[in-house]
Each structure stands twice: as structure tokens, then as C-alpha cells.
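coords.txt follows; it contains compact mmCIF, N, CA and C atoms.
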```txt
# COMPACT_ATOMS: atom_id res chain seq x y z
N GLN A 1 71.92 119.26 88.33
CA GLN A 1 71.29 118.48 89.36
C GLN A 1 71.74 117.02 89.23
N LEU A 2 72.21 116.45 90.34
CA LEU A 2 72.76 115.12 90.31
C LEU A 2 71.91 114.09 91.05
N SER A 3 70.72 114.45 91.49
CA SER A 3 69.91 113.55 92.31
C SER A 3 69.46 112.30 91.57
N HIS A 4 69.51 112.31 90.26
CA HIS A 4 69.10 111.14 89.49
C HIS A 4 70.23 110.13 89.28
N LEU A 5 71.45 110.47 89.72
CA LEU A 5 72.59 109.58 89.56
C LEU A 5 72.74 108.66 90.76
N THR A 6 73.19 107.43 90.50
CA THR A 6 73.42 106.45 91.54
C THR A 6 74.85 105.96 91.44
N ALA A 7 75.59 105.97 92.55
CA ALA A 7 76.96 105.49 92.56
C ALA A 7 76.97 103.98 92.40
N ILE A 8 77.72 103.49 91.42
CA ILE A 8 77.81 102.05 91.22
C ILE A 8 79.20 101.52 91.55
N ALA A 9 80.15 102.40 91.81
CA ALA A 9 81.50 101.96 92.15
C ALA A 9 82.19 103.04 92.96
N SER A 10 83.09 102.60 93.81
CA SER A 10 83.93 103.53 94.56
C SER A 10 85.38 103.25 94.17
N ARG A 11 86.29 104.03 94.72
CA ARG A 11 87.71 103.81 94.42
C ARG A 11 88.11 102.38 94.79
N ASP A 12 87.64 101.88 95.94
CA ASP A 12 88.02 100.55 96.38
C ASP A 12 87.36 99.46 95.54
N SER A 13 86.08 99.61 95.21
CA SER A 13 85.41 98.56 94.45
C SER A 13 85.89 98.52 93.01
N ALA A 14 86.44 99.62 92.53
CA ALA A 14 86.91 99.66 91.15
C ALA A 14 88.30 99.04 90.99
N ALA A 15 89.01 98.85 92.08
CA ALA A 15 90.36 98.28 92.01
C ALA A 15 90.29 96.79 91.73
N SER A 16 91.32 96.26 91.12
CA SER A 16 91.30 94.85 90.77
C SER A 16 91.39 93.95 92.00
N ASP A 17 92.01 94.40 93.05
CA ASP A 17 92.13 93.63 94.28
C ASP A 17 91.92 94.58 95.44
N ALA A 18 90.71 95.10 95.55
CA ALA A 18 90.42 96.21 96.44
C ALA A 18 90.65 95.90 97.91
N GLY A 19 90.55 94.64 98.32
CA GLY A 19 90.65 94.33 99.74
C GLY A 19 92.03 93.95 100.21
N THR A 20 93.04 94.03 99.36
CA THR A 20 94.38 93.61 99.74
C THR A 20 95.44 94.58 99.21
N LEU A 21 96.37 94.91 100.08
CA LEU A 21 97.57 95.65 99.68
C LEU A 21 98.75 94.77 100.02
N HIS A 22 99.75 94.72 99.15
CA HIS A 22 100.93 93.93 99.51
C HIS A 22 102.17 94.47 98.81
N ALA A 23 103.30 94.12 99.40
CA ALA A 23 104.58 94.55 98.84
C ALA A 23 105.67 93.59 99.28
N GLU A 24 106.66 93.45 98.41
CA GLU A 24 107.87 92.71 98.75
C GLU A 24 108.83 93.73 99.37
N VAL A 25 109.39 93.40 100.52
CA VAL A 25 110.29 94.31 101.21
C VAL A 25 111.65 93.65 101.35
N LEU A 26 112.65 94.26 100.75
CA LEU A 26 114.03 93.78 100.85
C LEU A 26 114.75 94.54 101.95
N TYR A 27 115.86 94.01 102.42
CA TYR A 27 116.62 94.69 103.47
C TYR A 27 117.11 96.06 103.00
N THR A 28 117.17 96.27 101.70
CA THR A 28 117.60 97.56 101.14
C THR A 28 116.44 98.51 100.86
N SER A 29 115.21 98.08 101.10
CA SER A 29 114.03 98.85 100.69
C SER A 29 113.77 100.11 101.51
N GLY A 30 114.09 100.09 102.78
CA GLY A 30 113.69 101.20 103.63
C GLY A 30 112.18 101.19 103.79
N ASN A 31 111.57 102.37 103.97
CA ASN A 31 110.13 102.45 104.13
C ASN A 31 109.44 102.24 102.78
N VAL A 32 108.33 101.50 102.79
CA VAL A 32 107.61 101.16 101.57
C VAL A 32 106.15 101.54 101.72
N THR A 33 105.62 102.29 100.75
CA THR A 33 104.20 102.64 100.76
C THR A 33 103.40 101.50 100.15
N LEU A 34 102.45 100.96 100.93
CA LEU A 34 101.59 99.88 100.43
C LEU A 34 100.45 100.45 99.60
N GLY A 35 99.87 101.58 100.03
CA GLY A 35 98.78 102.20 99.29
C GLY A 35 97.82 102.92 100.21
N ASN A 36 96.79 103.50 99.60
CA ASN A 36 95.77 104.25 100.33
C ASN A 36 94.51 103.40 100.46
N VAL A 37 93.80 103.61 101.56
CA VAL A 37 92.47 103.04 101.72
C VAL A 37 91.48 104.19 101.90
N SER A 38 90.24 103.94 101.58
CA SER A 38 89.21 104.97 101.72
C SER A 38 88.84 105.18 103.18
N ALA A 39 88.32 106.37 103.48
CA ALA A 39 87.79 106.63 104.82
C ALA A 39 86.71 105.60 105.11
N GLY A 40 86.74 105.04 106.31
CA GLY A 40 85.78 104.01 106.69
C GLY A 40 86.28 102.60 106.46
N SER A 41 87.47 102.45 105.85
CA SER A 41 88.02 101.11 105.61
C SER A 41 88.53 100.52 106.93
N LYS A 42 88.18 99.25 107.15
CA LYS A 42 88.60 98.55 108.37
C LYS A 42 89.74 97.60 108.02
N ILE A 43 90.85 97.76 108.73
CA ILE A 43 92.00 96.88 108.54
C ILE A 43 91.72 95.61 109.34
N GLU A 44 91.66 94.49 108.64
CA GLU A 44 91.28 93.24 109.30
C GLU A 44 92.46 92.34 109.63
N GLU A 45 93.47 92.35 108.77
CA GLU A 45 94.62 91.48 109.02
C GLU A 45 95.87 92.08 108.41
N VAL A 46 96.97 91.92 109.12
CA VAL A 46 98.29 92.29 108.59
C VAL A 46 99.18 91.07 108.77
N MET A 47 99.81 90.64 107.67
CA MET A 47 100.69 89.48 107.72
C MET A 47 102.05 89.84 107.14
N ILE A 48 103.08 89.50 107.89
CA ILE A 48 104.45 89.64 107.41
C ILE A 48 105.01 88.23 107.27
N THR A 49 105.40 87.88 106.05
CA THR A 49 106.01 86.58 105.79
C THR A 49 107.48 86.81 105.49
N VAL A 50 108.32 86.35 106.40
CA VAL A 50 109.77 86.48 106.23
C VAL A 50 110.24 85.30 105.40
N HIS A 51 110.82 85.58 104.23
CA HIS A 51 111.32 84.54 103.35
C HIS A 51 112.79 84.23 103.64
N THR A 52 113.59 85.27 103.74
CA THR A 52 115.00 85.15 104.09
C THR A 52 115.23 86.02 105.32
N GLY A 53 115.73 85.41 106.39
CA GLY A 53 115.93 86.14 107.63
C GLY A 53 116.93 87.28 107.49
N PHE A 54 116.68 88.34 108.23
CA PHE A 54 117.61 89.47 108.29
C PHE A 54 118.75 89.05 109.21
N ASP A 55 119.99 89.23 108.77
CA ASP A 55 121.13 88.65 109.48
C ASP A 55 121.90 89.64 110.35
N GLY A 56 121.44 90.86 110.48
CA GLY A 56 122.18 91.85 111.26
C GLY A 56 121.45 92.33 112.49
N ALA A 57 122.20 93.01 113.33
CA ALA A 57 121.62 93.57 114.55
C ALA A 57 120.79 94.82 114.22
N GLY A 58 119.75 95.03 114.98
CA GLY A 58 118.95 96.25 114.86
C GLY A 58 117.90 96.24 113.77
N ALA A 59 117.67 95.10 113.11
CA ALA A 59 116.64 95.06 112.07
C ALA A 59 115.26 95.15 112.70
N SER A 60 114.38 95.96 112.08
CA SER A 60 113.01 96.10 112.60
C SER A 60 112.05 96.35 111.45
N MET A 61 110.78 96.00 111.70
CA MET A 61 109.75 96.22 110.70
C MET A 61 108.41 96.40 111.40
N SER A 62 107.69 97.43 111.00
CA SER A 62 106.35 97.66 111.53
C SER A 62 105.46 98.16 110.38
N VAL A 63 104.15 98.14 110.61
CA VAL A 63 103.20 98.60 109.60
C VAL A 63 102.26 99.59 110.27
N GLY A 64 102.07 100.73 109.59
CA GLY A 64 101.19 101.76 110.13
C GLY A 64 101.05 102.88 109.13
N ASP A 65 101.08 104.09 109.64
CA ASP A 65 100.94 105.28 108.81
C ASP A 65 101.86 106.36 109.37
N ASP A 66 101.89 107.51 108.72
CA ASP A 66 102.80 108.57 109.16
C ASP A 66 102.49 109.06 110.58
N ALA A 67 101.24 109.00 110.99
CA ALA A 67 100.87 109.46 112.33
C ALA A 67 101.26 108.46 113.42
N ASP A 68 101.32 107.17 113.08
CA ASP A 68 101.66 106.12 114.04
C ASP A 68 102.30 104.97 113.27
N ASN A 69 103.62 104.89 113.31
CA ASN A 69 104.36 103.92 112.49
C ASN A 69 104.04 102.46 112.78
N ASP A 70 103.55 102.16 113.98
CA ASP A 70 103.23 100.76 114.29
C ASP A 70 101.77 100.58 114.68
N ARG A 71 100.91 101.41 114.12
CA ARG A 71 99.47 101.36 114.43
C ARG A 71 98.87 99.98 114.12
N LEU A 72 99.32 99.34 113.06
CA LEU A 72 98.70 98.09 112.61
C LEU A 72 99.50 96.84 112.95
N PHE A 73 100.82 96.98 113.03
CA PHE A 73 101.68 95.82 113.31
C PHE A 73 102.95 96.33 113.98
N GLN A 74 103.16 95.94 115.23
CA GLN A 74 104.34 96.38 115.97
C GLN A 74 105.52 95.45 115.70
N ASP A 75 106.70 96.01 115.74
CA ASP A 75 107.92 95.25 115.50
C ASP A 75 108.06 94.06 116.45
N ALA A 76 107.54 94.17 117.65
CA ALA A 76 107.66 93.09 118.63
C ALA A 76 106.95 91.81 118.20
N TYR A 77 106.05 91.89 117.22
CA TYR A 77 105.28 90.73 116.78
C TYR A 77 105.94 89.93 115.67
N VAL A 78 107.12 90.35 115.21
CA VAL A 78 107.79 89.64 114.12
C VAL A 78 109.24 89.36 114.50
N ASP A 79 109.70 88.17 114.17
CA ASP A 79 111.11 87.81 114.35
C ASP A 79 111.73 87.83 112.96
N LEU A 80 112.39 88.92 112.63
CA LEU A 80 112.95 89.08 111.29
C LEU A 80 114.12 88.15 111.01
N THR A 81 114.68 87.52 112.04
CA THR A 81 115.81 86.61 111.83
C THR A 81 115.35 85.21 111.44
N SER A 82 114.05 84.94 111.54
CA SER A 82 113.53 83.60 111.32
C SER A 82 112.45 83.59 110.25
N ALA A 83 112.61 82.72 109.25
CA ALA A 83 111.59 82.61 108.20
C ALA A 83 110.29 82.11 108.81
N GLY A 84 109.18 82.67 108.33
CA GLY A 84 107.87 82.28 108.82
C GLY A 84 106.86 83.39 108.59
N SER A 85 105.61 83.11 108.92
CA SER A 85 104.54 84.09 108.77
C SER A 85 104.08 84.57 110.14
N TYR A 86 103.90 85.87 110.25
CA TYR A 86 103.50 86.51 111.49
C TYR A 86 102.25 87.34 111.21
N VAL A 87 101.17 87.13 111.97
CA VAL A 87 99.87 87.73 111.66
C VAL A 87 99.31 88.45 112.89
N VAL A 88 98.72 89.64 112.64
CA VAL A 88 97.95 90.34 113.67
C VAL A 88 96.61 90.76 113.05
N ASN A 89 95.63 90.95 113.90
CA ASN A 89 94.30 91.38 113.48
C ASN A 89 93.94 92.67 114.22
N PRO A 90 94.36 93.82 113.68
CA PRO A 90 94.21 95.08 114.41
C PRO A 90 92.79 95.64 114.48
N SER A 91 91.93 95.34 113.53
CA SER A 91 90.55 95.85 113.48
C SER A 91 90.49 97.37 113.59
N TYR A 92 91.42 98.05 112.96
CA TYR A 92 91.47 99.51 112.99
C TYR A 92 90.68 100.07 111.81
N ILE A 93 89.91 101.13 112.05
CA ILE A 93 89.14 101.78 110.98
C ILE A 93 89.74 103.15 110.69
N TYR A 94 90.15 103.35 109.44
CA TYR A 94 90.69 104.64 109.02
C TYR A 94 89.56 105.61 108.76
N GLN A 95 89.65 106.80 109.35
CA GLN A 95 88.59 107.80 109.23
C GLN A 95 89.03 109.05 108.50
N GLY A 96 90.28 109.15 108.10
CA GLY A 96 90.81 110.37 107.50
C GLY A 96 90.07 110.78 106.24
N ALA A 97 89.85 112.07 106.09
CA ALA A 97 89.17 112.60 104.91
C ALA A 97 90.13 112.74 103.73
N LEU A 98 91.43 112.82 104.01
CA LEU A 98 92.43 112.96 102.96
C LEU A 98 93.12 111.62 102.71
N ASP A 99 93.46 111.34 101.46
CA ASP A 99 94.19 110.11 101.16
C ASP A 99 95.47 110.00 101.96
N SER A 100 96.15 111.11 102.15
CA SER A 100 97.42 111.08 102.87
C SER A 100 97.26 110.61 104.32
N ALA A 101 96.09 110.81 104.91
CA ALA A 101 95.83 110.35 106.27
C ALA A 101 95.55 108.85 106.30
N ASN A 102 95.26 108.26 105.14
CA ASN A 102 94.90 106.85 105.04
C ASN A 102 95.94 106.04 104.25
N THR A 103 97.18 106.54 104.22
CA THR A 103 98.24 105.86 103.49
C THR A 103 98.94 104.87 104.42
N ILE A 104 98.90 103.60 104.04
CA ILE A 104 99.51 102.54 104.85
C ILE A 104 100.92 102.27 104.35
N LYS A 105 101.85 102.18 105.30
CA LYS A 105 103.26 102.01 104.95
C LYS A 105 103.91 100.93 105.80
N VAL A 106 104.97 100.36 105.24
CA VAL A 106 105.86 99.47 105.99
C VAL A 106 107.06 100.31 106.39
N PHE A 107 107.38 100.31 107.66
CA PHE A 107 108.54 101.04 108.18
C PHE A 107 109.60 99.99 108.50
N GLN A 108 110.64 99.94 107.66
CA GLN A 108 111.65 98.90 107.76
C GLN A 108 113.03 99.52 107.95
N ASN A 109 113.75 98.97 108.92
CA ASN A 109 115.12 99.37 109.17
C ASN A 109 115.95 98.10 109.19
N ALA A 110 116.91 97.98 108.28
CA ALA A 110 117.70 96.76 108.16
C ALA A 110 118.79 96.65 109.23
N GLY A 111 119.05 97.73 109.96
CA GLY A 111 120.15 97.68 110.92
C GLY A 111 121.45 97.38 110.19
N THR A 112 122.17 96.36 110.64
CA THR A 112 123.43 95.98 109.99
C THR A 112 123.27 94.77 109.06
N SER A 113 122.03 94.45 108.70
CA SER A 113 121.76 93.27 107.86
C SER A 113 122.36 93.41 106.47
N THR A 114 122.82 92.28 105.95
CA THR A 114 123.31 92.22 104.58
C THR A 114 122.42 91.33 103.71
N GLN A 115 121.32 90.87 104.30
CA GLN A 115 120.33 90.09 103.56
C GLN A 115 119.01 90.18 104.31
N GLY A 116 117.96 89.72 103.67
CA GLY A 116 116.64 89.69 104.27
C GLY A 116 115.57 90.17 103.31
N ASN A 117 114.48 89.43 103.26
CA ASN A 117 113.33 89.89 102.50
C ASN A 117 112.05 89.30 103.09
N ALA A 118 110.97 90.04 102.89
CA ALA A 118 109.67 89.65 103.44
C ALA A 118 108.56 90.16 102.53
N THR A 119 107.40 89.53 102.62
CA THR A 119 106.20 90.00 101.95
C THR A 119 105.27 90.52 103.04
N VAL A 120 104.75 91.73 102.82
CA VAL A 120 103.80 92.32 103.75
C VAL A 120 102.45 92.41 103.05
N THR A 121 101.41 91.87 103.71
CA THR A 121 100.06 91.88 103.14
C THR A 121 99.10 92.48 104.15
N VAL A 122 98.29 93.44 103.69
CA VAL A 122 97.27 94.06 104.53
C VAL A 122 95.91 93.78 103.89
N THR A 123 95.01 93.20 104.66
CA THR A 123 93.66 92.91 104.19
C THR A 123 92.70 93.87 104.86
N TYR A 124 91.81 94.48 104.08
CA TYR A 124 90.86 95.46 104.61
C TYR A 124 89.50 95.30 103.95
N SER A 125 88.50 95.88 104.60
CA SER A 125 87.16 95.86 104.02
C SER A 125 86.53 97.23 104.10
```
Conversion result in C-alpha cells:
Amino acid sequence: QLSHLTAIASRDSAASDAGTLHAEVLYTSGNVTLGNVSAGSKIEEVMITVHTGFDGAGASMSVGDDADNDRLFQDAYVDLTSAGSYVVNPSYIYQGALDSANTIKVFQNAGTSTQGNATVTVTYS
């Protein structure tokens, strides 16, 4: 019988930085998994900071999940050729019961670029 037990932590609260996922993305990185969020997690902000511009044609970057590659951040919102920070506030709530349904990824295609790097940060609650 477990009725006398009280939950004092969840997967998210036990993490050292539970409300933020981030990754450095190089032009050679391809798709990058940022991490999983729990069911009920609300994505509040996605920021892509381009440090070195991508110098080739066809470079693109979006943030989402396997079901929708640009659910959280569409490629149209970032200029990969220009250094700077690009922010969206999607307010999306993940409801998936499986971790795989709640896996957030960066979908990056360097096109013909020979350089380029960015930091992708996702803030959630």
C-alpha cells in the first residue's frame, strides 16, 4: 500500500536545470536532441543565437519534435547568415505519455555551408 507516500520530486524538479534545455549546434551537427520534457510541460521560449553565420545556400534550422519538426520554432524566424539572437514564444504544452513523444530536437541542415554555429535554448515550465 502506497497511500502513505508523498511525492517530493519529479523527473523535472530533480534535474539540475529542469526548466532549460540547450545545445551548441555546428554546421556539421545535423539534427540534435535537446532532451525530454514531462507530460504537461509548457514550452515558454525558444531562442536561437547565431554566433558564426552559415555561409552556404540552403542552410536551415528549426526546433520541434519527430511529429512536427518546426512545432516550436520555424526556420523562417531565423537568419542563419547573420549573427544575432532570434526568439519565439510558442506556449505549446506537451501531452505525450511516452518520453519519445516529448523529445525536443533541433533540425539543422547546413546546405552548402562550410561554417556556422549557434546555441539553441528551450525554456519550459
Between atom N of Asn89 in chain A and CA of Gly111 in chain A, distance in Å (one decimal): 25.6 Å
DSSP strand (DSSP E) residues within chain A, listed as JSON, numbers by chain: {"A": [20, 21, 22, 23, 24, 25, 26, 32, 33, 34, 35, 36, 42, 43, 44, 45, 46, 47, 48, 49, 50, 51, 52, 60, 61, 62, 63, 64, 65, 68, 69, 70, 71, 72, 73, 84, 85, 86, 87, 88, 92, 93, 103, 104, 105, 106, 107, 108, 109, 117, 118, 119, 120, 121, 122, 123, 124]}
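Nearest to Leu72 in chain A of all the residues A:Ser91, A:Gln108, A:Ser125, A:Thr20 is A:Ser91, counting all atoms listed in the file.
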Find the nearest atom pair between each residue of range 9-103 of chain A and range 114-120 of chain A for residues within 9 Å, count only C-alpha atoms, give distances in Å to one decimal, sort rows by chain and ascending number, and present the table as a Markdown table.
```
| residue | atom | partner | partner_atom | distance |
| --- | --- | --- | --- | --- |
| A:Leu21 | CA | A:Val120 | CA | 8.2 |
| A:His22 | CA | A:Val120 | CA | 5.4 |
| A:Ala23 | CA | A:Val120 | CA | 5.4 |
| A:Glu24 | CA | A:Thr119 | CA | 4.5 |
| A:Val25 | CA | A:Ala118 | CA | 5.2 |
| A:Leu26 | CA | A:Asn117 | CA | 4.3 |
| A:Tyr27 | CA | A:Gly116 | CA | 5.1 |
| A:Thr28 | CA | A:Gln115 | CA | 8.3 |
| A:Leu34 | CA | A:Val120 | CA | 8.5 |
| A:Val46 | CA | A:Val120 | CA | 7.3 |
| A:Met47 | CA | A:Val120 | CA | 5.8 |
| A:Ile48 | CA | A:Val120 | CA | 4.6 |
| A:Thr49 | CA | A:Thr119 | CA | 5.1 |
| A:Val50 | CA | A:Ala118 | CA | 4.2 |
| A:His51 | CA | A:Ala118 | CA | 5.4 |
| A:Thr52 | CA | A:Gly116 | CA | 4.8 |
| A:Gly53 | CA | A:Gly116 | CA | 4.9 |
| A:Phe54 | CA | A:Gly116 | CA | 4.1 |
| A:Asp55 | CA | A:Gln115 | CA | 6.1 |
| A:Gly56 | CA | A:Thr114 | CA | 6.8 |
| A:Val63 | CA | A:Val120 | CA | 8.6 |
| A:Leu80 | CA | A:Gly116 | CA | 8.0 |
| A:Thr81 | CA | A:Gly116 | CA | 8.2 |
| A:Ala83 | CA | A:Ala118 | CA | 8.7 |
```
Per DSSP on the backbone, filter chain A down to the residues in helix (DSSP H, G or I) and report them as a list in words. Arg11, Asp12, Ser13, Ala14, Asp75, Ala76, Tyr77, Asp99, Ser100, Ala101 and Asn102 of chain A
Could you turn the residues from that selection into a file that holds N, CA and C atoms, as a PDB file, in the frame of the given file?
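What landed in selection.pdb:
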```
ATOM      1  N   ARG A  11      86.290 104.030  94.720  1.00  0.00           N
ATOM      2  CA  ARG A  11      87.710 103.810  94.420  1.00  0.00           C
ATOM      3  C   ARG A  11      88.110 102.380  94.790  1.00  0.00           C
ATOM      4  N   ASP A  12      87.640 101.880  95.940  1.00  0.00           N
ATOM      5  CA  ASP A  12      88.020 100.550  96.380  1.00  0.00           C
ATOM      6  C   ASP A  12      87.360  99.460  95.540  1.00  0.00           C
ATOM      7  N   SER A  13      86.080  99.610  95.210  1.00  0.00           N
ATOM      8  CA  SER A  13      85.410  98.560  94.450  1.00  0.00           C
ATOM      9  C   SER A  13      85.890  98.520  93.010  1.00  0.00           C
ATOM     10  N   ALA A  14      86.440  99.620  92.530  1.00  0.00           N
ATOM     11  CA  ALA A  14      86.910  99.660  91.150  1.00  0.00           C
ATOM     12  C   ALA A  14      88.300  99.040  90.990  1.00  0.00           C
ATOM     13  N   ASP A  75     106.700  96.010 115.740  1.00  0.00           N
ATOM     14  CA  ASP A  75     107.920  95.250 115.500  1.00  0.00           C
ATOM     15  C   ASP A  75     108.060  94.060 116.450  1.00  0.00           C
ATOM     16  N   ALA A  76     107.540  94.170 117.650  1.00  0.00           N
ATOM     17  CA  ALA A  76     107.660  93.090 118.630  1.00  0.00           C
ATOM     18  C   ALA A  76     106.950  91.810 118.200  1.00  0.00           C
ATOM     19  N   TYR A  77     106.050  91.890 117.220  1.00  0.00           N
ATOM     20  CA  TYR A  77     105.280  90.730 116.780  1.00  0.00           C
ATOM     21  C   TYR A  77     105.940  89.930 115.670  1.00  0.00           C
ATOM     22  N   ASP A  99      93.460 111.340 101.460  1.00  0.00           N
ATOM     23  CA  ASP A  99      94.190 110.110 101.160  1.00  0.00           C
ATOM     24  C   ASP A  99      95.470 110.000 101.960  1.00  0.00           C
ATOM     25  N   SER A 100      96.150 111.110 102.150  1.00  0.00           N
ATOM     26  CA  SER A 100      97.420 111.080 102.870  1.00  0.00           C
ATOM     27  C   SER A 100      97.260 110.610 104.320  1.00  0.00           C
ATOM     28  N   ALA A 101      96.090 110.810 104.910  1.00  0.00           N
ATOM     29  CA  ALA A 101      95.830 110.350 106.270  1.00  0.00           C
ATOM     30  C   ALA A 101      95.550 108.850 106.300  1.00  0.00           C
ATOM     31  N   ASN A 102      95.260 108.260 105.140  1.00  0.00           N
ATOM     32  CA  ASN A 102      94.900 106.850 105.040  1.00  0.00           C
ATOM     33  C   ASN A 102      95.940 106.040 104.250  1.00  0.00           C
TER      34      ASN A 102
END
```
Taking the point (98.4, 106.5, 103.9) as given in the file, collect each protein or nucleic acid residue that comes within 8 Å of it, counting only C-alpha atoms, and present the set as a ChimeraX atom specification. /A:33,35-37,65-66,99-105
Among A:Ala57, A:Ala76, A:Val122, A:Ile43, Tyr92 in chain A is approached most closely, using only C-alpha atoms, by A:Ile43
Of the residues A:Ser85, A:Lys42, A:Val32, A:Val106, which is the one nearest to Gly19 in chain A, using only C-alpha atoms?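 Among the listed residues, A:Lys42 lies closest to Gly19 in chain A.
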Nearest residue to Ser41 in chain A from the set A:Ala110, A:Ala67, A:Ile93, A:Leu98 (distances using only C-alpha atoms):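 Closest to Ser41 in chain A, using only C-alpha atoms: A:Ile93.
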Could you check which residues have any atom within 8 Å of (106.4, 99.2, 115.0), counting all atoms listed in the file with coordinates taken straight from the file, and then list them as a PyMOL selection string? chain A and resi 60-64+68-77+107
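The interatomic distance for the pair CA of Gly30 in chain A and CA of Thr121 in chain A works out to 16.5 Å.
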Which is closest to Gly96 in chain A among A:Ser82, A:Ser38, A:Asn109, A:Thr123, if we use only C-alpha atoms? A:Ser38
Interatomic distance (Å, one decimal) between CA of Pro90 in chain A and atom C of Val78 in chain A: 16.1 Å
Would you pick out the contacts of Ala39 in chain A at 6 Å or less, using only N, CA and C atoms, so that residues sharing its chain but fewer than 6 positions from it are not included, and give the list as a PyMOL selection string? chain A and resi 94-97
Mind completing range 118-125 of chain A with all heavy atoms? Output as a PDB file, in the coordinates of the input, please?
```pdb
ATOM      1  N   ALA A 118     110.970  90.040 102.890  1.00  0.00           N
ATOM      2  CA  ALA A 118     109.670  89.650 103.440  1.00  0.00           C
ATOM      3  C   ALA A 118     108.560  90.160 102.530  1.00  0.00           C
ATOM      4  O   ALA A 118     108.761  91.098 101.767  1.00  0.00           O
ATOM      5  CB  ALA A 118     109.493  90.224 104.843  1.00  0.00           C
ATOM      6  N   THR A 119     107.400  89.530 102.620  1.00  0.00           N
ATOM      7  CA  THR A 119     106.200  90.000 101.950  1.00  0.00           C
ATOM      8  C   THR A 119     105.270  90.520 103.040  1.00  0.00           C
ATOM      9  O   THR A 119     105.030  89.845 104.039  1.00  0.00           O
ATOM     10  CB  THR A 119     105.501  88.855 101.185  1.00  0.00           C
ATOM     11  OG1 THR A 119     106.413  88.312 100.246  1.00  0.00           O
ATOM     12  CG2 THR A 119     104.269  89.367 100.472  1.00  0.00           C
ATOM     13  N   VAL A 120     104.750  91.730 102.820  1.00  0.00           N
ATOM     14  CA  VAL A 120     103.800  92.320 103.750  1.00  0.00           C
ATOM     15  C   VAL A 120     102.450  92.410 103.050  1.00  0.00           C
ATOM     16  O   VAL A 120     102.351  92.944 101.950  1.00  0.00           O
ATOM     17  CB  VAL A 120     104.255  93.719 104.220  1.00  0.00           C
ATOM     18  CG1 VAL A 120     103.242  94.332 105.167  1.00  0.00           C
ATOM     19  CG2 VAL A 120     105.629  93.627 104.882  1.00  0.00           C
ATOM     20  N   THR A 121     101.410  91.870 103.710  1.00  0.00           N
ATOM     21  CA  THR A 121     100.060  91.880 103.140  1.00  0.00           C
ATOM     22  C   THR A 121      99.100  92.480 104.150  1.00  0.00           C
ATOM     23  O   THR A 121      99.089  92.079 105.324  1.00  0.00           O
ATOM     24  CB  THR A 121      99.611  90.443 102.800  1.00  0.00           C
ATOM     25  OG1 THR A 121     100.576  89.841 101.933  1.00  0.00           O
ATOM     26  CG2 THR A 121      98.253  90.449 102.125  1.00  0.00           C
ATOM     27  N   VAL A 122      98.290  93.440 103.690  1.00  0.00           N
ATOM     28  CA  VAL A 122      97.270  94.060 104.530  1.00  0.00           C
ATOM     29  C   VAL A 122      95.910  93.780 103.890  1.00  0.00           C
ATOM     30  O   VAL A 122      95.714  94.080 102.707  1.00  0.00           O
ATOM     31  CB  VAL A 122      97.493  95.594 104.647  1.00  0.00           C
ATOM     32  CG1 VAL A 122      96.357  96.257 105.409  1.00  0.00           C
ATOM     33  CG2 VAL A 122      98.825  95.879 105.316  1.00  0.00           C
ATOM     34  N   THR A 123      95.010  93.200 104.660  1.00  0.00           N
ATOM     35  CA  THR A 123      93.660  92.910 104.190  1.00  0.00           C
ATOM     36  C   THR A 123      92.700  93.870 104.860  1.00  0.00           C
ATOM     37  O   THR A 123      92.756  94.054 106.076  1.00  0.00           O
ATOM     38  CB  THR A 123      93.266  91.449 104.515  1.00  0.00           C
ATOM     39  OG1 THR A 123      94.252  90.583 103.956  1.00  0.00           O
ATOM     40  CG2 THR A 123      91.906  91.113 103.950  1.00  0.00           C
ATOM     41  N   TYR A 124      91.810  94.480 104.080  1.00  0.00           N
ATOM     42  CA  TYR A 124      90.860  95.460 104.610  1.00  0.00           C
ATOM     43  C   TYR A 124      89.500  95.300 103.950  1.00  0.00           C
ATOM     44  O   TYR A 124      89.358  94.658 102.916  1.00  0.00           O
ATOM     45  CB  TYR A 124      91.379  96.879 104.439  1.00  0.00           C
ATOM     46  CG  TYR A 124      91.501  97.331 103.006  1.00  0.00           C
ATOM     47  CD1 TYR A 124      90.492  98.072 102.392  1.00  0.00           C
ATOM     48  CD2 TYR A 124      92.625  97.032 102.246  1.00  0.00           C
ATOM     49  CE1 TYR A 124      90.597  98.481 101.085  1.00  0.00           C
ATOM     50  CE2 TYR A 124      92.742  97.441 100.939  1.00  0.00           C
ATOM     51  CZ  TYR A 124      91.730  98.156 100.361  1.00  0.00           C
ATOM     52  OH  TYR A 124      91.824  98.558  99.053  1.00  0.00           O
ATOM     53  N   SER A 125      88.500  95.880 104.600  1.00  0.00           N
ATOM     54  CA  SER A 125      87.160  95.860 104.020  1.00  0.00           C
ATOM     55  C   SER A 125      86.530  97.230 104.100  1.00  0.00           C
ATOM     56  O   SER A 125      87.010  98.095 104.783  1.00  0.00           O
ATOM     57  CB  SER A 125      86.260  94.836 104.739  1.00  0.00           C
ATOM     58  OG  SER A 125      86.137  95.156 106.099  1.00  0.00           O
TER      59      SER A 125
END
```
